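One file, final.pdb, carrying PDB, C-alpha atoms:
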ATOM      1  CA  MET A   1      62.607 146.886 138.653  1.00  0.00           C
ATOM      2  CA  GLN A   2      64.142 147.952 135.363  1.00  0.00           C
ATOM      3  CA  THR A   3      61.866 148.705 132.450  1.00  0.00           C
ATOM      4  CA  PRO A   4      62.646 146.947 129.184  1.00  0.00           C
ATOM      5  CA  ILE A   5      63.453 149.043 126.147  1.00  0.00           C
ATOM      6  CA  TYR A   6      60.837 148.585 123.456  1.00  0.00           C
ATOM      7  CA  ALA A   7      61.027 149.198 119.724  1.00  0.00           C
ATOM      8  CA  ASN A   8      57.534 150.706 119.627  1.00  0.00           C
ATOM      9  CA  LYS A   9      54.153 150.613 121.358  1.00  0.00           C
ATOM     10  CA  GLU A  10      53.112 147.378 119.663  1.00  0.00           C
ATOM     11  CA  HIS A  11      56.282 145.685 120.893  1.00  0.00           C
ATOM     12  CA  GLU A  12      55.609 146.978 124.391  1.00  0.00           C
ATOM     13  CA  VAL A  13      52.001 145.755 124.483  1.00  0.00           C
ATOM     14  CA  LEU A  14      52.917 142.281 123.230  1.00  0.00           C
ATOM     15  CA  VAL A  15      55.793 141.770 125.664  1.00  0.00           C
ATOM     16  CA  GLU A  16      54.203 143.418 128.707  1.00  0.00           C
ATOM     17  CA  LYS A  17      51.197 141.108 128.499  1.00  0.00           C
ATOM     18  CA  TYR A  18      53.504 138.096 128.667  1.00  0.00           C
ATOM     19  CA  ILE A  19      55.684 139.567 131.418  1.00  0.00           C
ATOM     20  CA  THR A  20      52.644 140.440 133.531  1.00  0.00           C
ATOM     21  CA  MET A  21      51.252 136.921 133.298  1.00  0.00           C
ATOM     22  CA  THR A  22      54.567 135.265 134.163  1.00  0.00           C
ATOM     23  CA  GLN A  23      55.001 137.566 137.154  1.00  0.00           C
ATOM     24  CA  GLU A  24      51.472 136.918 138.429  1.00  0.00           C
ATOM     25  CA  PHE A  25      51.757 133.144 138.053  1.00  0.00           C
ATOM     26  CA  VAL A  26      55.127 133.057 139.829  1.00  0.00           C
ATOM     27  CA  LYS A  27      53.800 135.237 142.670  1.00  0.00           C
ATOM     28  CA  ASP A  28      50.906 132.826 143.087  1.00  0.00           C
ATOM     29  CA  VAL A  29      53.106 129.787 143.735  1.00  0.00           C
ATOM     30  CA  ALA A  30      56.293 131.237 145.259  1.00  0.00           C
ATOM     31  CA  ASN A  31      57.223 132.237 148.766  1.00  0.00           C
ATOM     32  CA  GLU A  32      58.982 135.572 149.306  1.00  0.00           C
ATOM     33  CA  SER A  33      62.564 134.325 149.100  1.00  0.00           C
ATOM     34  CA  ARG A  34      61.984 132.302 145.932  1.00  0.00           C
ATOM     35  CA  LEU A  35      60.134 135.213 144.376  1.00  0.00           C
ATOM     36  CA  ALA A  36      63.091 137.464 145.194  1.00  0.00           C
ATOM     37  CA  ASN A  37      65.466 134.989 143.511  1.00  0.00           C
ATOM     38  CA  TYR A  38      63.215 134.896 140.451  1.00  0.00           C
ATOM     39  CA  GLN A  39      63.116 138.704 140.325  1.00  0.00           C
ATOM     40  CA  ASP A  40      66.919 138.894 140.566  1.00  0.00           C
ATOM     41  CA  ILE A  41      67.319 136.721 137.470  1.00  0.00           C
ATOM     42  CA  PHE A  42      64.529 138.620 135.741  1.00  0.00           C
ATOM     43  CA  GLU A  43      66.552 141.821 136.243  1.00  0.00           C
ATOM     44  CA  VAL A  44      69.601 140.184 134.631  1.00  0.00           C
ATOM     45  CA  ILE A  45      67.501 139.299 131.574  1.00  0.00           C
ATOM     46  CA  ILE A  46      66.087 142.832 131.305  1.00  0.00           C
ATOM     47  CA  ASN A  47      69.584 144.290 131.602  1.00  0.00           C
ATOM     48  CA  TYR A  48      70.881 141.975 128.880  1.00  0.00           C
ATOM     49  CA  HIS A  49      67.970 142.937 126.618  1.00  0.00           C
ATOM     50  CA  ASN A  50      68.437 146.647 127.261  1.00  0.00           C
ATOM     51  CA  THR A  51      72.178 146.583 126.585  1.00  0.00           C
ATOM     52  CA  TYR A  52      72.149 144.174 123.647  1.00  0.00           C
ATOM     53  CA  GLY A  53      74.331 145.535 120.902  1.00  0.00           C
ATOM     54  CA  ASP A  54      76.183 148.034 123.088  1.00  0.00           C
ATOM     55  CA  HIS A  55      79.443 146.128 122.750  1.00  0.00           C
ATOM     56  CA  LYS A  56      79.040 144.566 119.337  1.00  0.00           C
ATOM     57  CA  THR A  57      79.786 145.968 115.933  1.00  0.00           C
ATOM     58  CA  LYS A  58      76.488 144.596 114.632  1.00  0.00           C
ATOM     59  CA  ASN A  59      73.321 143.588 116.360  1.00  0.00           C
ATOM     60  CA  ASN A  60      70.419 141.668 114.967  1.00  0.00           C
ATOM     61  CA  TRP A  61      66.820 142.906 115.082  1.00  0.00           C
ATOM     62  CA  HIS A  62      65.261 139.450 115.373  1.00  0.00           C
ATOM     63  CA  ASP A  63      67.724 138.317 118.045  1.00  0.00           C
ATOM     64  CA  TRP A  64      66.986 141.422 120.101  1.00  0.00           C
ATOM     65  CA  LEU A  65      63.212 140.931 119.827  1.00  0.00           C
ATOM     66  CA  MET A  66      63.494 137.335 121.034  1.00  0.00           C
ATOM     67  CA  ILE A  67      65.751 137.941 124.048  1.00  0.00           C
ATOM     68  CA  LEU A  68      62.873 138.596 126.437  1.00  0.00           C
ATOM     69  CA  PRO A  69      60.459 135.844 125.321  1.00  0.00           C
ATOM     70  CA  ILE A  70      63.097 133.118 125.132  1.00  0.00           C
ATOM     71  CA  ASN A  71      64.908 133.918 128.350  1.00  0.00           C
ATOM     72  CA  ILE A  72      61.811 134.654 130.436  1.00  0.00           C
ATOM     73  CA  SER A  73      60.172 131.461 129.171  1.00  0.00           C
ATOM     74  CA  VAL A  74      63.185 129.293 129.989  1.00  0.00           C
ATOM     75  CA  MET A  75      63.638 130.946 133.386  1.00  0.00           C
ATOM     76  CA  THR A  76      59.968 130.594 134.317  1.00  0.00           C
ATOM     77  CA  ASN A  77      59.714 126.974 133.207  1.00  0.00           C
ATOM     78  CA  GLY A  78      62.850 126.139 135.164  1.00  0.00           C
ATOM     79  CA  PHE A  79      61.431 127.937 138.183  1.00  0.00           C
ATOM     80  CA  PHE A  80      58.176 125.997 137.907  1.00  0.00           C
ATOM     81  CA  ALA A  81      60.072 122.708 137.581  1.00  0.00           C
ATOM     82  CA  GLY A  82      61.961 123.479 140.775  1.00  0.00           C
ATOM     83  CA  ILE A  83      58.940 124.621 142.766  1.00  0.00           C
ATOM     84  CA  GLU A  84      56.451 121.952 141.691  1.00  0.00           C
ATOM     85  CA  THR A  85      55.236 119.617 144.440  1.00  0.00           C
ATOM     86  CA  LYS A  86      52.443 117.080 144.653  1.00  0.00           C
ATOM     87  CA  ARG A  87      50.289 119.712 146.315  1.00  0.00           C
ATOM     88  CA  ASN A  88      50.722 122.430 143.667  1.00  0.00           C
ATOM     89  CA  ALA A  89      51.360 120.276 140.572  1.00  0.00           C
ATOM     90  CA  ALA A  90      47.972 120.910 138.965  1.00  0.00           C
ATOM     91  CA  ILE A  91      48.205 124.685 139.170  1.00  0.00           C
ATOM     92  CA  VAL A  92      51.871 124.808 138.133  1.00  0.00           C
ATOM     93  CA  ARG A  93      51.217 122.612 135.110  1.00  0.00           C
ATOM     94  CA  SER A  94      48.198 124.721 134.193  1.00  0.00           C
ATOM     95  CA  TYR A  95      50.313 127.867 134.362  1.00  0.00           C
ATOM     96  CA  LYS A  96      52.947 126.264 132.151  1.00  0.00           C
ATOM     97  CA  VAL A  97      50.367 125.387 129.493  1.00  0.00           C
ATOM     98  CA  ILE A  98      48.862 128.886 129.538  1.00  0.00           C
ATOM     99  CA  LEU A  99      52.279 130.553 129.350  1.00  0.00           C
ATOM    100  CA  ASN A 100      53.332 128.263 126.505  1.00  0.00           C
ATOM    101  CA  GLU A 101      50.283 129.311 124.489  1.00  0.00           C
ATOM    102  CA  MET A 102      50.949 132.957 125.303  1.00  0.00           C
ATOM    103  CA  LEU A 103      54.571 132.536 124.238  1.00  0.00           C
ATOM    104  CA  HIS A 104      53.505 131.219 120.836  1.00  0.00           C
ATOM    105  CA  ASP A 105      51.174 134.191 120.392  1.00  0.00           C
ATOM    106  CA  LEU A 106      53.925 136.582 121.481  1.00  0.00           C
ATOM    107  CA  VAL A 107      56.491 135.149 119.078  1.00  0.00           C
ATOM    108  CA  ASP A 108      53.956 135.242 116.237  1.00  0.00           C
ATOM    109  CA  GLY A 109      53.305 138.910 116.980  1.00  0.00           C
ATOM    110  CA  LEU A 110      56.996 139.768 117.260  1.00  0.00           C
ATOM    111  CA  GLU A 111      57.765 138.115 113.928  1.00  0.00           C
ATOM    112  CA  LYS A 112      55.382 140.589 112.269  1.00  0.00           C
ATOM    113  CA  LEU A 113      57.174 143.648 113.674  1.00  0.00           C
ATOM    114  CA  GLU A 114      59.298 145.544 111.201  1.00  0.00           C
ATOM    115  CA  PRO A 115      62.420 147.516 112.119  1.00  0.00           C
ATOM    116  CA  VAL A 116      61.966 151.251 111.860  1.00  0.00           C
ATOM    117  CA  ASN A 117      64.713 153.730 110.934  1.00  0.00           C
ATOM    118  CA  GLU A 118      67.389 151.067 110.433  1.00  0.00           C
TER     119      GLU A 118
END

Give the structure from this file in structure tokens form.
Amino acid sequence: MQTPIYANKEHEVLVEKYITMTQEFVKDVANESRLANYQDIFEVIINYHNTYGDHKTKNNWHDWLMILPINISVMTNGFFAGIETKRNAAIVRSYKVILNEMLHDLVDGLEKLEPVNE
């Protein structure tokens, strides 16, 4: 698995907490093949984040910070929507609520980060 590029340690701590929780929740409800599909898309998101700005004349600090939270959130919620059944609905919905709260906390923390050496 690729490692995301982080602006600083604070950025890393904020994002890694969210990534870890999404990964654990998905592992809890997915079979091996669905987990592999999820991980494949996760890698695409990490690659996009890590290469953001490589082919542009200007990149945007805020846009770059939000690539991981937005895309991982949308991907995970879509995954949960596709995997939810009557049998696992309670746990999947619980995970969605927890991750939504974590996402709000993450975005709040990221909005406080300041660019360094720009």

I'd like the residues picked by the PyMOL selection byres ((chain A and resi 67) around 10) written out as a ChimeraX atom specification, using the chain letters and numbers from the file. /A:45-46,48-50,52,62-66,68-73

With only C-alpha atoms as the counted atoms, please give the residues lying no more than 9 Å from Leu106 of chain A, apart from itself and same-chain residues fewer than 6 positions off, as a list of chain:residue names. A:Leu14, A:Val15, A:Lys17, A:Tyr18, A:Pro69

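For the pair atom CA of Glu84 of chain A and atom CA of Phe25 of chain A, the interatomic distance is 12.7 Å.
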
Would you write out, as a short mmCIF file (atom, residue, chain, number, x, y, z; two decimals) with C-alpha atoms, in the frame of the given file, every residue that the PyMOL selection byres ((chain A and resi 95) around 12) captures in this file?
data_model
loop_
_atom_site.label_atom_id
_atom_site.label_comp_id
_atom_site.auth_asym_id
_atom_site.auth_seq_id
_atom_site.Cartn_x
_atom_site.Cartn_y
_atom_site.Cartn_z
CA MET A 21 51.25 136.92 133.30
CA THR A 22 54.57 135.26 134.16
CA GLN A 23 55.00 137.57 137.15
CA GLU A 24 51.47 136.92 138.43
CA PHE A 25 51.76 133.14 138.05
CA VAL A 26 55.13 133.06 139.83
CA LYS A 27 53.80 135.24 142.67
CA ASP A 28 50.91 132.83 143.09
CA VAL A 29 53.11 129.79 143.74
CA SER A 73 60.17 131.46 129.17
CA THR A 76 59.97 130.59 134.32
CA ASN A 77 59.71 126.97 133.21
CA PHE A 79 61.43 127.94 138.18
CA PHE A 80 58.18 126.00 137.91
CA ALA A 81 60.07 122.71 137.58
CA GLU A 84 56.45 121.95 141.69
CA ASN A 88 50.72 122.43 143.67
CA ALA A 89 51.36 120.28 140.57
CA ALA A 90 47.97 120.91 138.96
CA ILE A 91 48.20 124.68 139.17
CA VAL A 92 51.87 124.81 138.13
CA ARG A 93 51.22 122.61 135.11
CA SER A 94 48.20 124.72 134.19
CA LYS A 96 52.95 126.26 132.15
CA VAL A 97 50.37 125.39 129.49
CA ILE A 98 48.86 128.89 129.54
CA LEU A 99 52.28 130.55 129.35
CA ASN A 100 53.33 128.26 126.50
CA GLU A 101 50.28 129.31 124.49
CA MET A 102 50.95 132.96 125.30
CA LEU A 103 54.57 132.54 124.24
#

Residues within 10 Å of Trp61 of chain A, all atoms listed in the file, excluding chain neighbours under 6 positions, as a ChimeraX atom specification: /A:7,53,113-115,118

Save the residues we just selected, C-alpha atoms, as a PDB file, in the coordinates of the input?
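result.pdb, written as the output of this step:
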ATOM      1  CA  ALA A   7      61.027 149.198 119.724  1.00  0.00           C
ATOM      2  CA  GLY A  53      74.331 145.535 120.902  1.00  0.00           C
ATOM      3  CA  LEU A 113      57.174 143.648 113.674  1.00  0.00           C
ATOM      4  CA  GLU A 114      59.298 145.544 111.201  1.00  0.00           C
ATOM      5  CA  PRO A 115      62.420 147.516 112.119  1.00  0.00           C
ATOM      6  CA  GLU A 118      67.389 151.067 110.433  1.00  0.00           C
TER       7      GLU A 118
END
